[in-house]
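Containing compact mmCIF, C-alpha atoms: model-v6.txt.
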```
# COMPACT_ATOMS: atom_id res chain seq x y z
CA MET A 8 22.81 0.56 -37.49
CA ALA A 9 23.64 -1.83 -34.67
CA THR A 10 25.25 0.92 -32.62
CA GLY A 11 22.31 3.23 -33.19
CA GLY A 12 19.89 0.48 -32.15
CA ARG A 13 21.70 -0.01 -28.88
CA THR A 14 21.71 3.76 -28.30
CA ASN A 15 17.98 4.04 -28.90
CA ALA A 16 17.35 1.06 -26.65
CA GLY A 17 19.44 2.67 -23.96
CA LYS A 18 17.52 5.92 -24.26
CA SER A 19 14.24 4.04 -24.09
CA ALA A 20 15.37 2.19 -20.98
CA ALA A 21 16.46 5.47 -19.38
CA ARG A 22 13.09 7.06 -20.16
CA GLN A 23 11.32 4.03 -18.71
CA LYS A 24 13.44 4.27 -15.54
CA ARG A 25 12.66 7.99 -15.22
CA LYS A 26 8.96 7.23 -15.59
CA MET A 27 9.11 4.55 -12.91
CA ILE A 28 10.94 6.81 -10.48
CA LEU A 29 8.55 9.66 -11.25
CA PHE A 30 5.50 7.61 -10.45
CA ALA A 31 7.18 6.35 -7.31
CA ILE A 32 7.67 9.88 -5.97
CA GLU A 33 3.93 10.48 -6.05
CA ILE A 34 3.47 7.41 -3.91
CA ILE A 35 6.19 8.51 -1.51
CA ILE A 36 4.94 12.10 -1.31
CA ILE A 37 1.43 11.01 -0.40
CA LEU A 38 2.78 8.24 1.86
CA VAL A 39 -0.05 6.12 0.78
CA MET A 40 0.33 3.26 3.17
CA VAL A 41 0.74 5.05 6.42
CA ALA A 42 -2.61 4.66 8.11
CA VAL A 43 -2.73 2.54 11.24
CA LEU A 44 0.97 2.68 12.11
CA TYR A 45 3.17 3.29 15.12
CA LEU A 46 6.04 5.76 15.33
CA VAL A 47 9.42 4.34 14.52
CA MET A 48 11.41 5.40 17.58
CA ASN A 49 14.97 6.71 17.95
CA LYS A 50 15.43 7.78 14.35
CA THR A 51 18.40 9.68 12.99
CA SER A 52 18.20 12.10 10.07
CA GLU A 53 20.34 10.11 7.69
CA GLY A 54 17.73 9.74 4.96
CA PRO A 55 15.57 6.77 4.00
CA LYS A 56 16.41 3.24 5.05
CA LEU A 57 17.27 1.94 1.59
CA THR A 58 17.45 -1.68 0.46
CA VAL A 59 17.33 -3.63 -2.79
CA LEU A 60 15.09 -6.66 -3.04
CA ASP A 61 16.45 -9.76 -4.76
CA GLU A 62 13.99 -10.35 -7.59
CA GLU A 63 14.88 -14.04 -7.68
CA LYS A 64 13.47 -14.42 -4.16
CA LEU A 65 10.17 -12.62 -4.82
CA GLU A 66 8.37 -15.55 -6.47
CA ILE A 67 7.09 -13.66 -9.50
CA PRO A 68 5.27 -16.37 -11.49
CA SER A 69 6.87 -17.19 -14.83
CA GLU A 70 3.49 -16.75 -16.51
CA VAL A 71 3.30 -13.22 -15.11
CA LYS A 72 6.76 -12.39 -16.43
CA VAL A 73 5.55 -13.37 -19.91
CA MET A 74 2.54 -11.09 -19.51
CA GLU A 75 4.87 -8.18 -18.75
CA GLU A 76 6.47 -8.47 -22.17
CA GLU A 77 5.39 -6.23 -25.03
CA GLY A 78 1.87 -7.12 -26.06
CA GLY A 79 1.05 -8.72 -22.70
CA THR A 80 -1.77 -7.44 -20.51
CA MET A 81 0.64 -6.40 -17.73
CA HIS A 82 3.08 -4.63 -20.05
CA GLY A 83 3.65 -0.98 -19.22
CA TYR A 84 2.70 -1.15 -15.53
CA MET A 85 4.75 -0.64 -12.40
CA ASN A 86 3.43 -2.13 -9.15
CA ILE A 87 4.62 -0.98 -5.72
CA ALA A 88 3.82 -2.61 -2.38
CA LEU A 89 2.96 -0.12 0.35
CA PHE A 90 3.27 -1.22 3.98
CA GLY A 91 2.29 0.46 7.22
CA VAL A 92 3.69 -1.52 10.15
CA ASP A 93 3.06 -1.47 13.89
CA ALA A 94 6.75 -0.84 14.60
CA GLU A 95 7.71 0.51 18.01
CA THR A 96 11.48 0.34 17.41
CA GLU A 97 13.61 1.06 14.38
CA ASN A 98 14.53 -2.60 13.95
CA GLN A 99 10.82 -3.48 13.73
CA LEU A 100 10.57 -1.28 10.67
CA TYR A 101 12.58 -3.95 8.88
CA LYS A 102 11.11 -7.09 10.44
CA GLY A 103 9.21 -8.28 13.49
CA SER A 104 6.12 -6.08 13.14
CA ARG A 105 2.87 -6.81 11.33
CA SER A 106 1.82 -4.77 8.32
CA ASP A 107 -1.47 -3.36 9.56
CA SER A 108 -1.83 -1.50 6.27
CA THR A 109 -0.97 -3.25 3.01
CA MET A 110 -1.71 -1.74 -0.39
CA ILE A 111 -0.72 -2.23 -3.98
CA ALA A 112 -0.25 0.87 -6.10
CA SER A 113 -0.45 -0.11 -9.78
CA ILE A 114 0.79 2.57 -12.15
CA ASN A 115 0.08 2.73 -15.87
CA LEU A 116 3.34 4.12 -17.21
CA ASP A 117 1.72 5.31 -20.44
CA THR A 118 -1.27 7.20 -19.04
CA GLY A 119 -0.15 8.17 -15.54
CA GLU A 120 -3.22 6.52 -14.02
CA ILE A 121 -2.77 4.94 -10.58
CA ARG A 122 -5.06 2.33 -9.03
CA LEU A 123 -4.91 1.40 -5.37
CA VAL A 124 -5.95 -1.89 -3.79
CA SER A 125 -5.96 -2.52 -0.05
CA VAL A 126 -5.24 -6.14 0.87
CA TYR A 127 -7.12 -6.59 4.13
CA ARG A 128 -4.69 -7.35 6.92
CA ASP A 129 -6.64 -10.36 8.27
CA THR A 130 -6.95 -12.10 4.90
CA TYR A 131 -6.12 -15.81 5.20
CA LEU A 132 -3.39 -16.48 2.61
CA ASN A 133 -0.13 -18.32 2.02
CA ARG A 134 2.17 -15.94 3.88
CA GLY A 135 5.08 -16.59 1.54
CA ASP A 136 6.58 -19.61 3.29
CA ASP A 137 3.81 -22.18 2.62
CA ASN A 138 2.28 -21.50 6.02
CA TYR A 139 -1.24 -20.09 6.01
CA SER A 140 -2.39 -17.32 8.36
CA LYS A 141 -3.39 -13.68 8.36
CA CYS A 142 -1.42 -12.08 5.55
CA ASN A 143 -0.09 -9.26 7.73
CA ALA A 144 2.08 -11.85 9.52
CA ALA A 145 4.31 -12.11 6.43
CA TYR A 146 6.04 -8.82 7.24
CA SER A 147 6.60 -9.85 10.84
CA LYS A 148 8.13 -13.16 9.80
CA GLY A 149 10.35 -12.03 6.95
CA GLY A 150 10.17 -8.28 6.52
CA ALA A 151 9.43 -6.52 3.25
CA GLU A 152 10.93 -9.28 1.13
CA GLN A 153 8.57 -11.95 2.45
CA ALA A 154 5.58 -9.58 2.40
CA VAL A 155 6.22 -8.74 -1.26
CA LYS A 156 6.72 -12.42 -1.97
CA MET A 157 3.38 -13.16 -0.30
CA LEU A 158 1.61 -10.68 -2.57
CA ASN A 159 3.27 -12.02 -5.73
CA MET A 160 2.49 -15.64 -4.85
CA ASN A 161 -1.15 -15.25 -3.87
CA LEU A 162 -2.17 -12.58 -6.37
CA ASP A 163 -0.11 -13.44 -9.49
CA MET A 164 1.68 -10.09 -9.24
CA ASN A 165 5.03 -8.72 -10.38
CA ILE A 166 6.01 -6.46 -7.48
CA THR A 167 9.71 -5.69 -7.01
CA ASN A 168 9.57 -2.39 -5.08
CA PHE A 169 8.08 -1.37 -1.75
CA ILE A 170 7.76 1.48 0.74
CA THR A 171 7.32 1.06 4.51
CA VAL A 172 6.76 3.90 6.99
CA GLY A 173 5.53 4.79 10.47
CA TYR A 174 2.83 7.38 11.05
CA LYS A 175 5.17 10.16 12.09
CA GLY A 176 5.84 10.54 8.38
CA LEU A 177 2.13 10.80 7.57
CA SER A 178 1.61 13.60 10.08
CA GLU A 179 4.65 15.48 8.79
CA VAL A 180 3.58 15.23 5.17
CA ILE A 181 0.02 16.38 5.85
CA ASP A 182 1.17 19.30 7.99
CA GLY A 183 3.76 20.23 5.38
CA LEU A 184 1.01 20.39 2.77
CA GLY A 185 -1.14 22.57 5.00
CA GLY A 186 -3.59 19.82 5.98
CA VAL A 187 -6.11 17.78 4.00
CA TYR A 188 -9.85 18.13 3.46
CA ILE A 189 -11.94 15.23 4.77
CA ASP A 190 -15.68 14.81 5.32
CA VAL A 191 -15.98 13.54 8.91
CA ASP A 192 -19.39 12.03 9.67
CA SER A 193 -21.08 11.92 13.07
CA GLU A 194 -20.09 8.28 13.75
CA GLU A 195 -16.44 9.01 12.96
CA LEU A 196 -16.52 12.08 15.19
CA LYS A 197 -17.24 9.80 18.16
CA HIS A 198 -13.88 8.07 17.69
CA ILE A 199 -11.44 10.44 15.98
CA ASN A 200 -10.39 12.26 19.17
CA ASN A 201 -9.77 9.01 21.06
CA TYR A 202 -7.46 7.95 18.26
CA GLN A 203 -5.83 11.38 18.29
CA ALA A 204 -4.97 10.88 21.95
CA SER A 205 -3.38 7.53 21.08
CA VAL A 206 -1.36 8.92 18.17
CA ALA A 207 -0.27 12.00 20.14
CA GLY A 208 0.82 9.76 23.00
CA VAL A 209 3.11 7.79 20.72
CA LEU A 210 4.45 10.93 19.02
CA LYS A 211 4.71 12.78 22.34
CA CYS A 212 2.90 15.86 21.06
CA GLU A 213 -0.26 17.89 21.66
CA TYR A 214 -3.40 17.57 19.56
CA THR A 215 -6.41 19.70 18.66
CA MET A 216 -9.90 18.25 19.15
CA VAL A 217 -12.20 17.82 16.17
CA THR A 218 -15.45 19.29 17.52
CA GLU A 219 -18.02 18.86 14.74
CA PRO A 220 -18.78 16.66 11.74
CA GLY A 221 -18.63 17.83 8.15
CA TYR A 222 -16.18 18.58 5.35
CA GLN A 223 -13.19 20.25 6.98
CA LEU A 224 -9.43 20.76 6.99
CA LEU A 225 -7.65 18.20 9.18
CA ASN A 226 -4.06 18.58 10.34
CA GLY A 227 -1.53 15.74 10.41
CA ILE A 228 -2.47 14.21 13.78
CA GLN A 229 -6.19 14.51 13.04
CA ALA A 230 -5.93 12.88 9.62
CA THR A 231 -3.72 10.09 10.98
CA ALA A 232 -6.30 9.42 13.69
CA TYR A 233 -9.05 9.41 11.06
CA CYS A 234 -7.19 6.68 9.19
CA ARG A 235 -7.15 4.51 12.28
CA ILE A 236 -10.89 4.51 13.01
CA ARG A 237 -12.35 1.01 12.78
CA TYR A 238 -15.20 0.93 15.30
CA THR A 239 -17.97 2.06 12.97
CA LYS A 240 -20.15 0.23 10.48
CA GLY A 241 -17.85 -1.64 8.12
CA ASP A 242 -15.07 -2.28 10.68
CA ASP A 243 -11.68 -2.82 9.06
CA PHE A 244 -13.13 -2.72 5.54
CA GLN A 245 -14.26 0.85 6.16
CA ARG A 246 -10.97 1.71 7.83
CA THR A 247 -9.04 0.84 4.67
CA ALA A 248 -11.50 2.98 2.71
CA ARG A 249 -10.65 5.88 5.05
CA GLN A 250 -6.97 5.26 4.42
CA ARG A 251 -7.50 5.51 0.68
CA GLU A 252 -9.66 8.60 1.15
CA VAL A 253 -6.81 10.32 2.97
CA ILE A 254 -4.38 9.25 0.26
CA LYS A 255 -6.51 10.91 -2.40
CA ALA A 256 -6.88 14.03 -0.26
CA ILE A 257 -3.10 14.24 0.14
CA GLU A 258 -2.67 13.82 -3.60
CA GLU A 259 -5.03 16.75 -4.21
CA GLN A 260 -3.12 18.97 -1.81
CA ALA A 261 0.29 17.94 -3.16
CA LYS A 262 -0.70 18.94 -6.68
CA LYS A 263 -1.48 22.46 -5.48
CA LYS A 264 2.03 23.02 -4.12
CA ASP A 265 5.18 24.23 -5.85
CA LEU A 266 8.40 22.29 -6.20
CA VAL A 267 10.08 24.07 -3.26
CA THR A 268 7.26 23.08 -0.90
CA LEU A 269 7.14 19.48 -2.15
CA THR A 270 10.89 19.11 -1.82
CA LYS A 271 10.75 20.37 1.78
CA VAL A 272 7.90 17.98 2.60
CA PHE A 273 9.89 15.13 1.12
CA ASN A 274 13.07 16.02 2.99
CA ASP A 275 11.22 16.41 6.29
CA SER A 276 9.72 12.93 6.09
CA ILE A 277 12.32 10.89 4.22
CA ASP A 278 14.13 9.59 7.30
CA ASP A 279 10.93 7.84 8.40
CA ILE A 280 10.82 5.70 5.24
CA TYR A 281 12.21 2.21 4.56
CA THR A 282 12.15 1.56 0.84
CA SER A 283 13.72 0.02 -2.23
CA LEU A 284 13.45 3.33 -4.13
CA ASP A 285 16.33 5.81 -4.39
CA SER A 286 15.41 9.26 -3.05
CA ALA A 287 18.14 11.17 -4.90
CA ASP A 288 16.65 10.28 -8.28
CA ILE A 289 13.12 10.84 -7.00
CA LEU A 290 13.85 14.40 -5.92
CA LYS A 291 15.01 15.31 -9.44
CA LEU A 292 11.55 14.56 -10.79
CA LEU A 293 9.28 16.15 -8.19
CA GLU A 294 8.33 18.94 -10.56
CA HIS A 295 6.25 16.53 -12.68
CA ILE A 296 3.96 15.26 -9.95
CA ALA A 297 0.88 16.96 -11.41
CA ASP A 298 0.95 14.69 -14.47
CA TYR A 299 -0.34 11.65 -12.56
CA LYS A 300 -3.60 10.80 -10.85
CA ILE A 301 -5.20 8.15 -8.66
CA VAL A 302 -8.21 7.14 -10.73
CA ASP A 303 -9.69 4.24 -8.77
CA GLU A 304 -9.36 2.28 -5.52
CA ASP A 305 -10.83 -0.83 -3.91
CA GLY A 306 -10.16 -3.70 -1.50
CA PHE A 307 -9.17 -7.37 -1.68
CA PRO A 308 -10.87 -9.80 -1.33
CA GLN A 309 -14.15 -8.57 -2.82
CA PRO A 310 -17.38 -8.48 -0.76
CA ASP A 311 -19.16 -11.19 -2.75
CA MET A 312 -16.10 -13.47 -2.63
CA ARG A 313 -15.15 -13.37 1.03
CA ALA A 314 -16.38 -14.57 4.41
CA ASN A 315 -15.42 -14.13 8.06
CA ALA A 316 -14.35 -17.08 10.18
CA ASN A 317 -12.61 -17.73 13.47
CA MET A 318 -9.79 -19.98 12.27
CA GLY A 319 -8.79 -21.51 15.60
CA ALA A 320 -5.18 -20.62 16.45
CA ASN A 321 -5.13 -18.12 13.57
CA GLY A 322 -7.97 -16.12 15.10
CA ALA A 323 -10.61 -14.12 13.25
CA CYS A 324 -9.74 -14.12 9.55
CA ILE A 325 -11.14 -12.86 6.28
CA ILE A 326 -11.51 -15.85 3.98
CA PRO A 327 -11.28 -15.42 0.21
CA THR A 328 -13.97 -18.04 -0.45
CA ASP A 329 -12.65 -18.39 -3.98
CA LEU A 330 -9.11 -17.04 -4.28
CA GLU A 331 -9.09 -17.76 -8.01
CA SER A 332 -12.10 -15.55 -8.70
CA ASN A 333 -10.67 -12.78 -6.52
CA VAL A 334 -7.40 -12.84 -8.45
CA VAL A 335 -9.29 -12.73 -11.76
CA TRP A 336 -11.15 -9.67 -10.45
CA LEU A 337 -7.87 -8.06 -9.37
CA HIS A 338 -6.26 -8.41 -12.78
CA HIS A 339 -9.33 -6.95 -14.44
CA PHE A 340 -9.36 -4.03 -12.00
CA LEU A 341 -5.65 -3.23 -12.26
CA PHE A 342 -4.81 -4.17 -15.84
CA ALA A 343 -8.19 -4.28 -17.65
CA ASP A 344 -7.56 -7.96 -18.42
CA GLU A 345 -10.92 -9.36 -19.52
CA ASP A 346 -9.79 -12.99 -19.80
CA TYR A 347 -7.28 -13.57 -17.03
CA THR A 348 -6.51 -17.18 -16.10
CA VAL A 349 -4.80 -17.74 -12.77
CA THR A 350 -1.58 -19.73 -12.40
CA ASP A 351 -1.53 -23.31 -11.14
CA SER A 352 0.00 -22.03 -7.91
CA VAL A 353 -2.97 -19.77 -7.19
CA ARG A 354 -5.30 -22.69 -7.86
CA GLU A 355 -3.34 -24.71 -5.31
CA TYR A 356 -3.51 -21.91 -2.71
CA SER A 357 -7.21 -21.44 -3.39
CA GLN A 358 -7.93 -25.11 -2.75
CA LYS A 359 -5.86 -25.09 0.44
CA ILE A 360 -7.66 -22.01 1.78
CA SER A 361 -11.06 -23.52 1.02
CA SER A 362 -10.08 -26.77 2.68
CA ASP A 363 -8.70 -25.09 5.81
CA ALA A 364 -11.73 -22.81 6.17
CA SER A 365 -14.44 -25.38 5.45
CA LYS A 366 -14.75 -26.62 9.05
CA TYR A 367 -14.97 -23.07 10.42
CA LEU A 368 -17.48 -21.63 7.94
CA GLN A 369 -21.16 -22.13 8.71
```
Could the structure of this file be written out as structure tokens, please?
Amino acid sequence: MATGGRTNAGKSAARQKRKMILFAIEIIIILVMVAVLYLVMNKTSEGPKLTVLDEEKLEIPSEVKVMEEEGGTMHGYMNIALFGVDAETENQLYKGSRSDSTMIASINLDTGEIRLVSVYRDTYLNRGDDNYSKCNAAYSKGGAEQAVKMLNMNLDMNITNFITVGYKGLSEVIDGLGGVYIDVDSEELKHINNYQASVAGVLKCEYTMVTEPGYQLLNGIQATAYCRIRYTKGDDFQRTARQREVIKAIEEQAKKKDLVTLTKVFNDSIDDIYTSLDSADILKLLEHIADYKIVDEDGFPQPDMRANANMGANGACIIPTDLESNVVWLHHFLFADEDYTVTDSVREYSQKISSDASKYLQ
């Protein structure tokens, strides 16, 4: 009986690992975080830049670890941090560049449902080293490890995996899928071609003008430029919504393709990825991508629990006016937790943020 129990446990663990890798490939295929990025220069074709994060350094709250256990509200979920960085050199992919796009992909391992949350890049948070500034500085200071740590600390999360890319990968994926369908409105049309010129300049390639608004097929450069638009009503909040819109459009296209096409798309873009996920295992499970779906998306902090303030040396920031309430909302959104209580650490960060911002808020 004891031997059989261990065997069953091992099989269960293997199935769980396969599930986790399977969900991760959807995130990699759609390259969810890649809006607002710069090309990582001088790449080789040696595959993804692979690393393993030390879980002991990621500051996952002990209370959260308990909630991951069977019966807990976070049991059965995998959370992946998705970073798009303004890297201009390969080394800056690892550290030294700000994460202009930061998302959390939370995956229900039982249902296949995926929820996306953009953490606004200018949000004033503990950046993972007990210094407070715009949260996108965490990646610049300490790379993916510190950026993941920042998310775990401020949001009571249990993230141990990440993906970071430059926007060359986004363009390649979208072109490999035959483009994506996006509804471009008249205000966006005013800016999309300017951003195309910028993207094409970095990638050293030609681009095709978008000449009219409406629902249409965008190629890789066009869709990448669309993700970067911020000078319309809604500013950066609307830009992150565009990023998530493109993600969902890529997901729709990916599910229409066969395994051969998806494998080619993956192989063409994999050397532009820095990640903690192993691509060899991911490729084995590409054929199951259609089983999973992005069901909801939003941004953090929430509109009724945030303010804008010029924080002196830290510049223009988004202030979570009540970090505690925002974290409660997040856990309800991601995990359907109706009665979440934040950790003492989040209470401490919330008080610090309120205190720092009080003299700047009118």
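Of the residues under consideration (A:Pro220, A:Gly79, A:Gly306, A:Gly135), A:Gly135 shows the shortest atom-to-atom contact distance to Met157 (chain A) when counting only C-alpha atoms.
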Neighbours of region 308-324 of chain A within 9 Å (all atoms listed in the file; same-chain residues fewer than 3 positions away dropped), as a ChimeraX atom specification? /A:125-131,139-141,305,327-330,332-334,336-337,363-364,366-369
Export of the given selection (C-alpha atoms) as a CSV table (one decimal), keeping the file's coordinate frame:
```csv
chain,number,residue,atom,x,y,z
A,125,SER,CA,-6.0,-2.5,0.0
A,126,VAL,CA,-5.2,-6.1,0.9
A,127,TYR,CA,-7.1,-6.6,4.1
A,128,ARG,CA,-4.7,-7.4,6.9
A,129,ASP,CA,-6.6,-10.4,8.3
A,130,THR,CA,-7.0,-12.1,4.9
A,131,TYR,CA,-6.1,-15.8,5.2
A,139,TYR,CA,-1.2,-20.1,6.0
A,140,SER,CA,-2.4,-17.3,8.4
A,141,LYS,CA,-3.4,-13.7,8.4
A,305,ASP,CA,-10.8,-0.8,-3.9
A,327,PRO,CA,-11.3,-15.4,0.2
A,328,THR,CA,-14.0,-18.0,-0.4
A,329,ASP,CA,-12.6,-18.4,-4.0
A,330,LEU,CA,-9.1,-17.0,-4.3
A,332,SER,CA,-12.1,-15.6,-8.7
A,333,ASN,CA,-10.7,-12.8,-6.5
A,334,VAL,CA,-7.4,-12.8,-8.4
A,336,TRP,CA,-11.2,-9.7,-10.4
A,337,LEU,CA,-7.9,-8.1,-9.4
A,363,ASP,CA,-8.7,-25.1,5.8
A,364,ALA,CA,-11.7,-22.8,6.2
A,366,LYS,CA,-14.8,-26.6,9.0
A,367,TYR,CA,-15.0,-23.1,10.4
A,368,LEU,CA,-17.5,-21.6,7.9
A,369,GLN,CA,-21.2,-22.1,8.7
```
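For the atom pair formed by CA of Tyr146 (chain A) and CA of Val206 (chain A), the distance is 22.1 Å, given to one decimal.
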Gap from CA of Arg251 (chain A) to CA of Glu304 (chain A) - Å, one decimal: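 Atom-to-atom, CA of Arg251 (chain A) and CA of Glu304 (chain A) are spaced 7.2 Å apart.
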List every residue of region 240-351 of chain A that has an atom at most 12 Å from any atom of region 61-77 of chain A, giving for each one its closest atom pair and the distance in Å to one decimal, counting all atoms listed in the file, sorted by chain and then by ascending residue number, as CSV.
```
residue,atom,partner,partner_atom,distance
A:Ser283,CA,A:Asp61,CA,10.5
A:His338,CA,A:Val71,CA,11.0
A:Phe342,CA,A:Met74,CA,10.7
A:Asp344,CA,A:Met74,CA,10.6
A:Tyr347,CA,A:Met74,CA,10.4
A:Thr348,CA,A:Glu70,CA,10.0
A:Val349,CA,A:Glu70,CA,9.1
A:Thr350,CA,A:Glu70,CA,7.2
A:Asp351,CA,A:Pro68,CA,9.7
```
Please provide the set of residues having any atom within 10 Å of Lys255 (chain A), restricted to only C-alpha atoms, with same-chain residues fewer than 4 positions apart removed, written as a PDB file with C-alpha atoms, in the coordinates of the input.
```
ATOM      1  CA  ILE A  37       1.430  11.010  -0.400  1.00  0.00           C
ATOM      2  CA  VAL A  39      -0.050   6.120   0.780  1.00  0.00           C
ATOM      3  CA  VAL A 187      -6.110  17.780   4.000  1.00  0.00           C
ATOM      4  CA  TYR A 188      -9.850  18.130   3.460  1.00  0.00           C
ATOM      5  CA  ILE A 189     -11.940  15.230   4.770  1.00  0.00           C
ATOM      6  CA  ARG A 249     -10.650   5.880   5.050  1.00  0.00           C
ATOM      7  CA  GLN A 250      -6.970   5.260   4.420  1.00  0.00           C
ATOM      8  CA  ARG A 251      -7.500   5.510   0.680  1.00  0.00           C
ATOM      9  CA  GLU A 259      -5.030  16.750  -4.210  1.00  0.00           C
ATOM     10  CA  GLN A 260      -3.120  18.970  -1.810  1.00  0.00           C
ATOM     11  CA  ALA A 261       0.290  17.940  -3.160  1.00  0.00           C
ATOM     12  CA  LYS A 300      -3.600  10.800 -10.850  1.00  0.00           C
ATOM     13  CA  ILE A 301      -5.200   8.150  -8.660  1.00  0.00           C
ATOM     14  CA  VAL A 302      -8.210   7.140 -10.730  1.00  0.00           C
ATOM     15  CA  ASP A 303      -9.690   4.240  -8.770  1.00  0.00           C
ATOM     16  CA  GLU A 304      -9.360   2.280  -5.520  1.00  0.00           C
TER      17      GLU A 304
END
```
Any chance you could model N, CA and C atoms for region 272-286 of chain A and send them as a compact mmCIF listing (two decimals), in the frame of the given file?
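File produced: result25.txt:
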```
# COMPACT_ATOMS: atom_id res chain seq x y z
N VAL A 272 8.73 19.04 2.01
CA VAL A 272 7.90 17.98 2.60
C VAL A 272 8.62 16.65 2.49
N PHE A 273 9.18 16.38 1.34
CA PHE A 273 9.89 15.13 1.12
C PHE A 273 11.08 15.00 2.05
N ASN A 274 11.88 16.06 2.14
CA ASN A 274 13.07 16.02 2.99
C ASN A 274 12.73 15.89 4.47
N ASP A 275 11.62 16.48 4.88
CA ASP A 275 11.22 16.41 6.29
C ASP A 275 10.76 15.02 6.70
N SER A 276 10.28 14.23 5.74
CA SER A 276 9.72 12.93 6.09
C SER A 276 10.57 11.75 5.66
N ILE A 277 11.62 11.98 4.87
CA ILE A 277 12.32 10.89 4.22
C ILE A 277 13.03 9.96 5.20
N ASP A 278 13.42 10.47 6.37
CA ASP A 278 14.13 9.59 7.30
C ASP A 278 13.19 8.66 8.06
N ASP A 279 11.90 8.76 7.80
CA ASP A 279 10.93 7.84 8.40
C ASP A 279 10.45 6.81 7.38
N ILE A 280 11.22 6.61 6.32
CA ILE A 280 10.82 5.70 5.24
C ILE A 280 11.85 4.59 5.09
N TYR A 281 11.38 3.36 4.93
CA TYR A 281 12.21 2.21 4.56
C TYR A 281 11.72 1.76 3.20
N THR A 282 12.61 1.73 2.21
CA THR A 282 12.15 1.56 0.84
C THR A 282 13.23 0.95 -0.04
N SER A 283 12.80 0.49 -1.21
CA SER A 283 13.72 0.02 -2.23
C SER A 283 13.93 1.07 -3.32
N LEU A 284 13.38 2.26 -3.13
CA LEU A 284 13.45 3.33 -4.13
C LEU A 284 14.48 4.37 -3.71
N ASP A 285 15.25 4.88 -4.66
CA ASP A 285 16.33 5.81 -4.39
C ASP A 285 15.81 7.24 -4.36
N SER A 286 15.98 7.92 -3.22
CA SER A 286 15.41 9.26 -3.05
C SER A 286 16.12 10.32 -3.87
```
